[in-house]
Structures are given as C-alpha cells and as structure tokens.
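This is final-v9.tsv. It holds TSV, C-alpha atoms and all ligand atoms.
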chain	number	residue	atom	x	y	z
A	1	MET	CA	0.00	0.00	0.00
A	2	ALA	CA	1.29	3.45	-0.93
A	3	GLU	CA	2.31	5.81	1.84
A	4	PRO	CA	-0.33	8.49	2.38
A	5	THR	CA	0.74	11.95	1.21
A	6	ARG	CA	-0.34	15.36	2.30
A	7	PRO	CA	-3.32	16.83	0.42
A	8	LEU	CA	-1.88	18.66	-2.59
A	9	PRO	CA	-3.06	21.90	-4.20
A	10	ASN	CA	-4.96	22.23	-7.45
A	11	THR	CA	-2.19	23.50	-9.74
A	12	SER	CA	-4.54	24.49	-12.57
A	13	GLU	CA	-6.59	27.03	-10.60
A	14	PHE	CA	-6.58	30.36	-12.47
A	15	ASP	CA	-5.15	32.71	-9.83
A	16	THR	CA	-2.89	30.37	-7.87
A	17	GLY	CA	-1.79	28.04	-10.69
A	18	PRO	CA	1.29	30.13	-11.62
A	19	PHE	CA	2.42	30.14	-7.97
A	20	TRP	CA	2.29	26.34	-7.80
A	21	LYS	CA	3.93	25.92	-11.22
A	22	ALA	CA	6.87	28.08	-9.98
A	23	THR	CA	7.32	25.75	-7.02
A	24	ARG	CA	8.34	23.01	-9.47
A	25	ASP	CA	11.55	25.04	-9.91
A	26	LYS	CA	11.65	25.68	-6.14
A	27	ARG	CA	10.73	29.32	-6.64
A	28	LEU	CA	8.66	30.92	-3.89
A	29	THR	CA	6.80	33.77	-5.56
A	30	TYR	CA	4.63	36.67	-4.44
A	31	GLN	CA	3.01	39.66	-6.12
A	32	VAL	CA	3.82	43.36	-5.84
A	33	CYS	CA	1.34	45.98	-7.03
A	34	ASP	CA	2.68	48.15	-9.87
A	35	ASP	CA	0.36	51.00	-8.84
A	36	CYS	CA	0.82	51.27	-5.05
A	37	GLY	CA	3.74	48.94	-4.24
A	38	ALA	CA	1.76	46.75	-1.84
A	39	VAL	CA	2.88	43.15	-1.40
A	40	ASN	CA	0.08	40.71	-2.18
A	41	PHE	CA	-0.08	37.14	-0.98
A	42	TYR	CA	-1.73	34.70	-1.68
A	43	PRO	CA	-1.83	35.24	-5.48
A	44	ARG	CA	-4.87	37.06	-6.85
A	45	ARG	CA	-6.04	39.18	-9.76
A	46	HIS	CA	-6.44	42.48	-7.91
A	47	CYS	CA	-4.30	44.33	-5.38
A	48	MET	CA	-5.63	43.99	-1.82
A	49	SER	CA	-4.63	47.58	-1.10
A	50	CYS	CA	-5.78	49.64	-4.11
A	51	LEU	CA	-7.76	47.12	-6.22
A	52	GLY	CA	-5.43	47.77	-9.16
A	53	ASN	CA	-4.99	44.86	-11.54
A	54	SER	CA	-1.35	45.30	-12.49
A	55	LEU	CA	0.64	42.92	-10.30
A	56	THR	CA	4.24	41.84	-10.86
A	57	VAL	CA	5.42	38.41	-9.68
A	58	ARG	CA	8.71	38.34	-7.77
A	59	ASP	CA	10.79	35.57	-6.26
A	60	ALA	CA	11.22	35.51	-2.49
A	61	SER	CA	14.56	34.58	-0.95
A	62	GLY	CA	12.93	31.91	1.20
A	63	ARG	CA	14.18	33.55	4.39
A	64	GLY	CA	11.67	34.54	7.04
A	65	LYS	CA	10.60	34.43	10.66
A	66	VAL	CA	7.93	32.61	12.61
A	67	TYR	CA	5.06	35.04	13.22
A	68	SER	CA	2.98	32.54	15.18
A	69	PHE	CA	2.57	28.79	15.43
A	70	SER	CA	0.58	25.95	16.90
A	71	VAL	CA	1.53	22.34	17.52
A	72	ILE	CA	-0.87	19.70	16.25
A	73	ARG	CA	-0.82	16.60	18.46
A	74	GLN	CA	-3.74	14.63	17.08
A	75	SER	CA	-5.01	14.16	13.54
A	76	TYR	CA	-7.30	11.66	11.86
A	77	HIS	CA	-6.02	12.38	8.36
A	78	PRO	CA	-4.00	9.40	7.00
A	79	PHE	CA	-0.94	11.53	6.24
A	80	PHE	CA	-0.97	13.88	9.21
A	81	ARG	CA	-1.69	11.24	11.83
A	82	ASN	CA	1.71	9.74	10.99
A	83	VAL	CA	3.59	13.00	11.51
A	84	VAL	CA	2.17	14.28	14.80
A	85	PRO	CA	3.28	16.24	16.70
A	86	TYR	CA	3.96	18.85	14.01
A	87	ALA	CA	3.94	22.62	13.87
A	88	VAL	CA	1.64	24.76	11.73
A	89	ALA	CA	3.07	28.24	11.51
A	90	TRP	CA	2.49	31.64	9.99
A	91	ILE	CA	5.78	32.58	8.35
A	92	ASP	CA	6.66	36.21	7.59
A	93	LEU	CA	8.96	36.26	4.58
A	94	GLU	CA	11.59	39.00	4.61
A	95	GLU	CA	9.96	40.56	1.52
A	96	GLY	CA	6.64	40.95	3.37
A	97	PRO	CA	4.32	38.06	2.47
A	98	ARG	CA	2.86	36.01	5.33
A	99	LEU	CA	2.10	32.39	4.54
A	100	LEU	CA	0.83	29.36	6.39
A	101	SER	CA	3.18	26.39	6.40
A	102	ASN	CA	4.87	23.85	8.64
A	103	VAL	CA	8.10	24.19	10.59
A	104	VAL	CA	10.11	21.02	10.05
A	105	GLY	CA	13.56	19.82	11.01
A	106	VAL	CA	13.06	20.22	14.74
A	107	GLU	CA	13.26	17.42	17.28
A	108	ASP	CA	10.44	18.64	19.50
A	109	PRO	CA	8.11	21.28	18.03
A	110	LEU	CA	6.85	22.14	21.52
A	111	GLN	CA	10.35	23.11	22.67
A	112	ASP	CA	12.32	23.99	19.56
A	113	ILE	CA	10.14	26.64	17.88
A	114	SER	CA	9.64	30.21	19.04
A	115	ILE	CA	8.06	33.43	17.83
A	116	ASP	CA	10.44	35.47	15.61
A	117	MET	CA	12.68	32.45	15.08
A	118	PRO	CA	14.55	32.78	11.75
A	119	VAL	CA	13.57	30.10	9.23
A	120	MET	CA	14.45	29.13	5.68
A	121	VAL	CA	12.27	27.48	3.06
A	122	GLU	CA	12.69	23.77	2.44
A	123	TRP	CA	10.90	22.07	-0.44
A	124	GLU	CA	8.89	18.89	-0.15
A	125	GLU	CA	8.95	17.39	-3.63
A	126	HIS	CA	5.94	15.83	-5.33
A	127	GLU	CA	5.37	14.82	-8.92
A	128	ASP	CA	3.76	18.08	-10.13
A	129	VAL	CA	4.45	20.50	-7.34
A	130	CYS	CA	6.79	21.28	-4.47
A	131	ILE	CA	5.40	22.32	-1.09
A	132	PRO	CA	7.20	25.14	0.75
A	133	LEU	CA	7.99	24.12	4.32
A	134	PHE	CA	10.35	25.93	6.68
A	135	ARG	CA	13.22	24.84	8.91
A	136	PRO	CA	15.23	26.81	11.47
A	137	ALA	CA	17.81	28.98	9.72
B	201	ZN	ZN	-2.06	48.37	-5.23
Just dump the structure as structure tokens.
Amino acid sequence: MAEPTRPLPNTSEFDTGPFWKATRDKRLTYQVCDDCGAVNFYPRRHCMSCLGNSLTVRDASGRGKVYSFSVIRQSYHPFFRNVVPYAVAWIDLEEGPRLLSNVVGVEDPLQDISIDMPVMVEWEEHEDVCIPLFRPA
C-alpha cells in the first residue's frame, strides 16, 4: 500500500496556478502591485490595497521568521496522523508576504520553535508541485 501523502493543491486554478507551477523550480513567488507597491499574498487578480490589476510576480529569498505557530498533536487524516506532533506556523517572509506552512527539522516542536525564530524554506517534492515548508535557519 502506498504511503499516504499530504493533500496537494490544485495546480490548474486560475489565480494560484502560476504560484504552484513556480514551485516546481523551487521558486517561492509573491506579487507586488505596480500602482501602489503593496505586497500581495496569496496570489490574486487584484491588489488587496488599491484594487489595481497590475501585479508583478517576484521571487522571495525563502528567508523569514515565525510570526505565530501551533503544535498539532492529534489528527485523523491518513498523512498527518503519521507525523504528529507537528507545527503549523504563519511565516513572515523577509519581503513581506505572510504564509501558512509547517516548521520542520526540529526534534520537539513544543520546545524547539519560538516566535520570531529565523527560518528558511525547504521544499517537499511531489510529482507536479513542491510544497514550501520551513526549517530553522
Ligand atoms: Zn495596489
């Protein structure tokens, strides 16, 4: 029997498809508004700040900090129940986007993760997409 995998995103969705396609090359992208300069994340058609529709895609460095996190200790999902305890975290990238991910590469997520901890992206590879996870930097 195949190992269960995490639920994967729909890579053909109109607004977010280009973001997921870029992850195949391990590029973590975000949008910047050409009109007002606001950083937009997750990907969308219109700027969250000024509603302009001219958005430029940029590559993030992958460096960031933990904004907040929670440790999941119990899950009934076939993939996640095998990886508890694990940390779900809001990551603030140094360019400004905030994204929800996991902090990996720690022995004990209850002890080894803290607010403002520097992290670096780490890619979990799948056939059609790579998932951005973060480890202590
Ligand atoms: Zn704007």
So, counting only C-alpha atoms, which residue among A:Pro109, A:Pro43, A:Pro78, A:Pro118 is closest to Val66 of chain A?
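Among the listed residues, the smallest separation from Val66 of chain A belongs to A:Pro118.
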Could you give me the residues within 6 Å of ligand ZN 201 (chain B), counting all atoms listed in the file, as a PyMOL selection string?
chain A and resi 33+35-38+47+49-52
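With atom CA of Val129 of chain A on one side and atom CA of Lys21 of chain A on the other, the separation reads 6.7 Å.
Atom pair atom CA of Gly62 of chain A / atom CA of Asp108 of chain A has a distance of 22.7 Å (rounded to one decimal).
Minimum atom-to-atom distances from A:Leu110, A:Leu93, A:Val32, A:Val57 to Ser70 of chain A were compared using all atoms listed in the file, and the lowest value belongs to A:Leu110.
For Thr16 of chain A, the set of protein, DNA and RNA residues having any atom at most 12 Å away, when counting all atoms listed in the file and skipping those fewer than 2 positions along the same chain, is A:Pro9, A:Asn10, A:Thr11, A:Ser12, A:Glu13, A:Phe14, A:Pro18, A:Phe19, A:Trp20, A:Lys21, A:Ala22, A:Thr23, A:Thr29, A:Tyr30, A:Gln31, A:Phe41, A:Tyr42, A:Pro43, A:Arg44, A:Arg45, A:Val57.
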For atom CA of Glu94 of chain A and atom CA of Pro7 of chain A, determine how far apart the two atoms are, in Å to one decimal place.
27.0 Å
Select, from A:Asp112, A:Glu3, A:Asp25, A:Asp128, the residue with the minimum atom-to-atom distance to Val71 of chain A, counting all atoms listed in the file.
A:Asp112
Using only C-alpha atoms, which residue out of A:Lys65, A:Val119, A:Leu133, A:Asp15 lies closest to Tyr86 of chain A?
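Of the candidates, the smallest distance to Tyr86 of chain A is held by A:Leu133.
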Extract, using all atoms listed in the file, all DNA, RNA and protein residues at most 7 Å from segment 98-103 of chain A, discarding same-chain residues fewer than 3 positions from it, and format them as a PyMOL selection string.
chain A and resi 87-93+133-135
Which one is closest to Glu124 of chain A: A:Ile72, A:Ala2, A:Ala137, A:Val104? Count all atoms listed in the file.
A:Val104
